[in-house]
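Undergrad: I have a structure here, written as structure tokens, and I will follow up with some questions on it.
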Amino acid sequence: MVKIKEPENNVKLPLSRPIIGVAGKTGLWRTMRPIVNNEKCTSCFQCEIYCPVNVIRVEPKLGVTIDYDYCKGCGICEDVCPRSAIIMIPEIGE
Amino acid sequence: MSKKIALTGNYAIAYAVKLAKPDVIAAYPITPQSPIVEKLAEMIESGELKASMIRVESEHSALAACFGAAVAGARVFTATSSQGLLYMHEVVHWASRARIPMVMAVVSRTINTPWNIWPDHSDFVDQRDTGWIMAYAMDNQEAFDLTLQAFKISEDPSVYLPVMVGIEGFILSHTAMPVEIPDEKLVDDWLGERTQPYVIDGLEPKGLGPLTLPEDTEDIFYGIQLAMENSKRVIKSVDSEYGKLFGREYGGLISCYYCNNAKYIAIALGSWTGDLIEAVNTLREEGYPIGVIRVRFYRPFPREDLWEVLRGAKGVFVFDRAISFGAWGPLFTDLVAGLIQYTNKLPIIVNIVAGIAGVHVSAEDFHNMLLSLINRVESGLEHGYFDWVRIRR
């Protein structure tokens with residue numbers, strides 16, 4: 001068995017724990033915005049599975065939602081959507 | 001009950017590891033280290049030792065496997081020599097910078113090329129900037145004791161650094177002497193269960209070594225420097241409590257011999273200090289006031305302890321069995337850098353590099369060198385110097 005004991009003198013350790021937005025609102029980096037046409041969506045979950053930053057949720061009844069606070073606009077969701085239900089449009093800012 | 005058996009340096013280390021009850025051992029064979037892990041494999045096979053032996057394809061993987069297991073909470077051990085140690089060098093840094101306790105034996109062997117299996121200290125001292133605590137034994141009993149103590153020191157919460165224990169290949173690794181093995185129950189009670197600062201075992205999501213900004217990274221490294229300072233106290237207290245429990249105390253970071261009232265002090269590391277001590281015995285009989293300091297811990301460097309002994313010395317002779325090409329011996333560099341923090345009037349300090357590539361240096365060789373050094377200082381040598389003495393028969 002192993003005992004966990006903090007090191008003395010409050011020294012820093014090279015560890016990180018996952019939290020949302022550790023690098024700030026990364027959605028600000030976006031130049032292209034994914035837009036969903038829920039009429040075309042068949043809830044195949046490909047966009048949710050492939051999203052590299054885990055900001056897409058597919059709810060069969062509600063359709064696709066994207067958290068634009070952290071979506072960087074990479075366009076992978078558009079690429080993998082078999083129904084072209086996601087398109088990328090230029091970001092025009094707030 | 002403790003018992004005394006004849007063991008080679010390699011087997012002495014294996015028996016110490018067995019008593020520390022590691023969970024995981026990973027190693028790759030290399031002369032002259034191989035008998036350590038061969039013995040441990042035999043112990044696992046016969047059921048004497050309940051540990052997992054991970055067979056890997058390289059030393060880089062050996063230490064990486066130990067590191068991963070240790071991060072997950074296992075007590076681990078590995079051993080290597082020379083090229084193997086150089087090959088695992090990247091992971092050597094990983095372990096200390098991640099503050100993960102572990103123990104590794106280094107059975108010194110000259111670095112290639114040319115191919116050479118005889119011992120000098122060049123592979124060991126090459127690791128000096130890695131953040132590992134570095135101990136070096138003089139005989140097989142000390143190799144045993146240091147290996148067992150290494151687990152205790154490494155897992156101390158004011159230290160949390162990996163520890164390497166060095167011995168010279170063949171001179172210790174393949175020659176036997178009686179070694180006392182302490183009582184298992186007594187060792188269990190003293191060493192206790194493994195302690196470490198964190199585990200990554202899948203129960204809580206954690207990242208080890210993520211991208212970290214310069215200031216935070218510097219703080220993490222500063223913690224290693226603090227831990228090195230703390231470890232001096234821990235090494236001494238472990239040495240003295242081990243002495244009380246098991247009967248052998250070595251003097252902490254350094255071991256002194258005839259140092260009281262010595263006008264001259266010779267300094268060395270490792271088993272060739274035995275020959276140096278024999279030479280000093282003769283010189284004492286001949287009336288020369290000379291003593292020996294054996295450096296047992298090369299990191300943390302014992303500058304306080306050295307200064308205490310050397311502050312009154314007239315001449316200091318540092319014998320290095322390693323060379324920093326283009327400069328001089330590493331022990332000499334550290335000694336001078338350590339002493340100038342206490343004084344602007346150093347004694348005469350001479351650095352002799354010898355025994356490189358396993359060239360034998362006998363007690364008689366030491367006697368001749370020391371006699372000529374004493375004579376030079378007595379006849380008015382004004383400052384120290386460095387010399388690489390190549391002994392030929």
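Ligands are numbered from 1 in the order shown, chains are lettered A, B, ... in the order of the structure tokens, and residues start at 1 in each chain.
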Once you count only C-alpha atoms, what closest atom pair and distance in Å to one decimal does each residue of chain A within 12 Å of chain B have, with rows by chain and rising residue number, as a Markdown table?

TA:
| residue | atom | partner | partner_atom | distance |
| --- | --- | --- | --- | --- |
| A:Met1 | CA | B:Glu193 | CA | 6.5 |
| A:Val2 | CA | B:Arg194 | CA | 4.9 |
| A:Lys3 | CA | B:Thr195 | CA | 4.7 |
| A:Ile4 | CA | B:Gln196 | CA | 5.4 |
| A:Lys5 | CA | B:Pro197 | CA | 5.2 |
| A:Glu6 | CA | B:Pro197 | CA | 5.0 |
| A:Pro7 | CA | B:Pro157 | CA | 4.8 |
| A:Glu8 | CA | B:Ser158 | CA | 5.0 |
| A:Asn9 | CA | B:Ser158 | CA | 7.7 |
| A:Asn10 | CA | B:Gly223 | CA | 8.8 |
| A:Val11 | CA | B:Gly223 | CA | 5.4 |
| A:Lys12 | CA | B:Ile220 | CA | 5.1 |
| A:Leu13 | CA | B:Ile220 | CA | 6.0 |
| A:Pro14 | CA | B:Gly209 | CA | 5.0 |
| A:Leu15 | CA | B:Leu208 | CA | 4.7 |
| A:Ser16 | CA | B:Gly207 | CA | 4.8 |
| A:Arg17 | CA | B:Lys206 | CA | 4.7 |
| A:Pro18 | CA | B:Lys206 | CA | 6.8 |
| A:Ile19 | CA | B:Pro205 | CA | 10.1 |
| A:Val22 | CA | B:Leu211 | CA | 11.9 |
| A:Ala23 | CA | B:Leu211 | CA | 11.2 |

Undergrad: Generate a file of the selected residues that holds N, CA and C atoms, formatted as a PDB file, in the first residue's frame.

TA:
ATOM      1  N   MET A   1       0.843  -1.211   0.000  1.00  0.00           N
ATOM      2  CA  MET A   1       0.000   0.000   0.000  1.00  0.00           C
ATOM      3  C   MET A   1       0.871   1.251   0.000  1.00  0.00           C
ATOM      4  N   VAL A   2       0.309   2.299  -0.525  1.00  0.00           N
ATOM      5  CA  VAL A   2       1.063   3.543  -0.600  1.00  0.00           C
ATOM      6  C   VAL A   2       0.344   4.618   0.202  1.00  0.00           C
ATOM      7  N   LYS A   3       1.152   5.412   0.916  1.00  0.00           N
ATOM      8  CA  LYS A   3       0.621   6.543   1.679  1.00  0.00           C
ATOM      9  C   LYS A   3       0.879   7.809   0.883  1.00  0.00           C
ATOM     10  N   ILE A   4      -0.149   8.654   0.753  1.00  0.00           N
ATOM     11  CA  ILE A   4       0.057   9.938   0.080  1.00  0.00           C
ATOM     12  C   ILE A   4       0.248  10.993   1.147  1.00  0.00           C
ATOM     13  N   LYS A   5       1.383  11.679   1.080  1.00  0.00           N
ATOM     14  CA  LYS A   5       1.642  12.772   2.022  1.00  0.00           C
ATOM     15  C   LYS A   5       2.187  13.945   1.242  1.00  0.00           C
ATOM     16  N   GLU A   6       1.602  15.104   1.455  1.00  0.00           N
ATOM     17  CA  GLU A   6       2.081  16.308   0.770  1.00  0.00           C
ATOM     18  C   GLU A   6       3.562  16.539   1.082  1.00  0.00           C
ATOM     19  N   PRO A   7       4.316  17.046   0.099  1.00  0.00           N
ATOM     20  CA  PRO A   7       5.704  17.391   0.421  1.00  0.00           C
ATOM     21  C   PRO A   7       5.741  18.555   1.405  1.00  0.00           C
ATOM     22  N   GLU A   8       6.821  18.623   2.184  1.00  0.00           N
ATOM     23  CA  GLU A   8       6.933  19.724   3.144  1.00  0.00           C
ATOM     24  C   GLU A   8       7.275  21.036   2.429  1.00  0.00           C
ATOM     25  N   ASN A   9       7.077  22.153   3.104  1.00  0.00           N
ATOM     26  CA  ASN A   9       7.402  23.497   2.603  1.00  0.00           C
ATOM     27  C   ASN A   9       6.520  23.954   1.442  1.00  0.00           C
ATOM     28  N   ASN A  10       5.345  23.331   1.254  1.00  0.00           N
ATOM     29  CA  ASN A  10       4.427  23.758   0.187  1.00  0.00           C
ATOM     30  C   ASN A  10       5.064  23.867  -1.180  1.00  0.00           C
ATOM     31  N   VAL A  11       5.968  22.984  -1.509  1.00  0.00           N
ATOM     32  CA  VAL A  11       6.612  23.100  -2.819  1.00  0.00           C
ATOM     33  C   VAL A  11       5.615  22.764  -3.919  1.00  0.00           C
ATOM     34  N   LYS A  12       5.857  23.343  -5.085  1.00  0.00           N
ATOM     35  CA  LYS A  12       4.979  23.080  -6.230  1.00  0.00           C
ATOM     36  C   LYS A  12       5.360  21.766  -6.892  1.00  0.00           C
ATOM     37  N   LEU A  13       4.345  21.067  -7.368  1.00  0.00           N
ATOM     38  CA  LEU A  13       4.555  19.816  -8.099  1.00  0.00           C
ATOM     39  C   LEU A  13       4.118  20.012  -9.555  1.00  0.00           C
ATOM     40  N   PRO A  14       4.719  19.277 -10.469  1.00  0.00           N
ATOM     41  CA  PRO A  14       4.358  19.459 -11.895  1.00  0.00           C
ATOM     42  C   PRO A  14       3.081  18.704 -12.266  1.00  0.00           C
ATOM     43  N   LEU A  15       1.971  19.077 -11.605  1.00  0.00           N
ATOM     44  CA  LEU A  15       0.703  18.371 -11.813  1.00  0.00           C
ATOM     45  C   LEU A  15      -0.368  19.332 -12.280  1.00  0.00           C
ATOM     46  N   SER A  16      -1.301  18.832 -13.075  1.00  0.00           N
ATOM     47  CA  SER A  16      -2.465  19.638 -13.425  1.00  0.00           C
ATOM     48  C   SER A  16      -3.722  18.810 -13.219  1.00  0.00           C
ATOM     49  N   ARG A  17      -4.826  19.499 -12.896  1.00  0.00           N
ATOM     50  CA  ARG A  17      -6.112  18.814 -12.792  1.00  0.00           C
ATOM     51  C   ARG A  17      -7.048  19.481 -13.791  1.00  0.00           C
ATOM     52  N   PRO A  18      -7.860  18.680 -14.501  1.00  0.00           N
ATOM     53  CA  PRO A  18      -8.692  19.268 -15.563  1.00  0.00           C
ATOM     54  C   PRO A  18      -9.812  20.142 -15.001  1.00  0.00           C
ATOM     55  N   ILE A  19      -9.922  21.379 -15.520  1.00  0.00           N
ATOM     56  CA  ILE A  19     -11.068  22.243 -15.224  1.00  0.00           C
ATOM     57  C   ILE A  19     -11.477  22.921 -16.531  1.00  0.00           C
ATOM     58  N   VAL A  22      -9.344  26.396 -18.515  1.00  0.00           N
ATOM     59  CA  VAL A  22      -8.076  26.651 -17.826  1.00  0.00           C
ATOM     60  C   VAL A  22      -7.223  27.643 -18.604  1.00  0.00           C
ATOM     61  N   ALA A  23      -7.438  27.728 -19.938  1.00  0.00           N
ATOM     62  CA  ALA A  23      -6.655  28.671 -20.750  1.00  0.00           C
ATOM     63  C   ALA A  23      -7.487  29.889 -21.134  1.00  0.00           C
TER      64      ALA A  23
END

Undergrad: For segment 128-130 of chain B, work out the shell of residues within 10 Å, counting only C-alpha atoms and skipping chain neighbours fewer than 2 positions away, then give it as a PyMOL selection string.

TA: chain B and resi 89-97+123-126+132-134+162+298-301+330

Undergrad: What does the distance from atom CA of Gly338 of chain B to atom CA of Leu306 of chain B come to in Å, to one decimal?

TA: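 So the answer is 8.5 Å.
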
Undergrad: Residues at most 6 Å from segment 55-68 of chain A, counting only C-alpha atoms, excluding those fewer than 6 positions away in the same chain, as JSON, numbers by chain?

TA: {"A": [27, 38, 43, 48]}

Undergrad: Please identify all polymer residues within 8 Å of segment 173-181 of chain B, counting only C-alpha atoms, omitting same-chain residues fewer than 2 positions from it, and present them as JSON, numbers by chain.

TA: {"B": [2, 3, 4, 5, 6, 7, 8, 9, 10, 11, 12, 15, 16, 32, 33, 107, 140, 141, 144, 167, 168, 169, 170, 171, 183]}

Undergrad: May I have the selected residues written with C-alpha atoms, as an mmCIF file, in the first residue's frame?

TA:
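Produced file result-v5.cif, reproduced below:
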data_model
loop_
_atom_site.group_PDB
_atom_site.id
_atom_site.type_symbol
_atom_site.label_atom_id
_atom_site.label_comp_id
_atom_site.auth_asym_id
_atom_site.auth_seq_id
_atom_site.Cartn_x
_atom_site.Cartn_y
_atom_site.Cartn_z
ATOM 1 C CA SER B 2 20.269 -10.863 11.497
ATOM 2 C CA LYS B 3 22.684 -13.109 9.632
ATOM 3 C CA LYS B 4 26.061 -12.754 7.988
ATOM 4 C CA ILE B 5 26.703 -14.199 4.530
ATOM 5 C CA ALA B 6 29.419 -13.803 1.907
ATOM 6 C CA LEU B 7 28.042 -11.612 -0.865
ATOM 7 C CA THR B 8 29.389 -9.837 -3.921
ATOM 8 C CA GLY B 9 28.590 -6.127 -4.188
ATOM 9 C CA ASN B 10 25.903 -6.928 -6.729
ATOM 10 C CA TYR B 11 24.268 -9.549 -4.534
ATOM 11 C CA ALA B 12 24.546 -7.288 -1.475
ATOM 12 C CA TYR B 15 19.530 -8.568 -0.826
ATOM 13 C CA ALA B 16 18.953 -4.985 0.321
ATOM 14 C CA PRO B 32 28.735 -5.375 -14.656
ATOM 15 C CA GLN B 33 25.260 -4.688 -13.238
ATOM 16 C CA VAL B 107 27.562 -0.192 -11.042
ATOM 17 C CA ASN B 140 29.781 -4.445 -0.100
ATOM 18 C CA GLN B 141 28.350 -3.954 3.384
ATOM 19 C CA PHE B 144 23.857 -3.040 1.178
ATOM 20 C CA ILE B 167 29.609 0.980 -6.577
ATOM 21 C CA GLU B 168 32.638 0.257 -8.727
ATOM 22 C CA GLY B 169 32.145 -2.543 -11.223
ATOM 23 C CA PHE B 170 34.076 -5.792 -10.577
ATOM 24 C CA ILE B 171 36.125 -4.349 -7.705
ATOM 25 C CA ASP B 183 16.316 -8.908 10.684
#

Undergrad: To one decimal place in Å, what is the distance between atom CA of Leu370 of chain B and atom CA of Trp307 of chain B?

TA: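 One can read the atom CA of Leu370 of chain B to atom CA of Trp307 of chain B distance as 21.0 Å.
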
Undergrad: Output as a list in words all residues of segment 1-92 of chain A that backbone DSSP marks as strand (DSSP E or B).

TA: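 Filtering segment 1-92 of chain A to strand (DSSP E or B) leaves Val2, Lys3, Ile4, Leu15, Ser16, Met32, Arg33, Pro34, Ile35, Val36, Ile56, Arg57, Val58, Glu59, Gly63, Val64, Thr65, Ile66, Ile86, Ile87, Met88, Ile89 and Pro90 of chain A.
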
Undergrad: Would you compute the distance between atom CA of Val103 of chain B and atom CA of Ser46 of chain B? Give it in Å to one decimal.

TA: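 For atom CA of Val103 of chain B relative to atom CA of Ser46 of chain B, the distance reads 23.1 Å.
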
Undergrad: Would you mind telling me which residue in A:Phe45, A:Thr31, A:Lys40, A:Lys72 lies nearest to Ile86 of chain A when using only C-alpha atoms?

TA: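 Using only C-alpha atoms, Ile86 of chain A sits closest to A:Lys40.
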
Undergrad: Could you give me the residues within segment 224-370 of chain B that DSSP places in helix (DSSP H, G or I), as a PyMOL selection string?

TA: chain B and resi 224-246+272-285+303-310+330-339+356-358+363-370

Undergrad: Leaving out segment 380-382 of chain B and any residue of its chain fewer than 4 positions from it, which residues lie within 10 Å of it when counting only C-alpha atoms, given as a list in words?

TA: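 Contacts, in chain order: Gly315, Pro347, Ile348, Leu373, Ile374, Asn375 and Arg376 of chain B.
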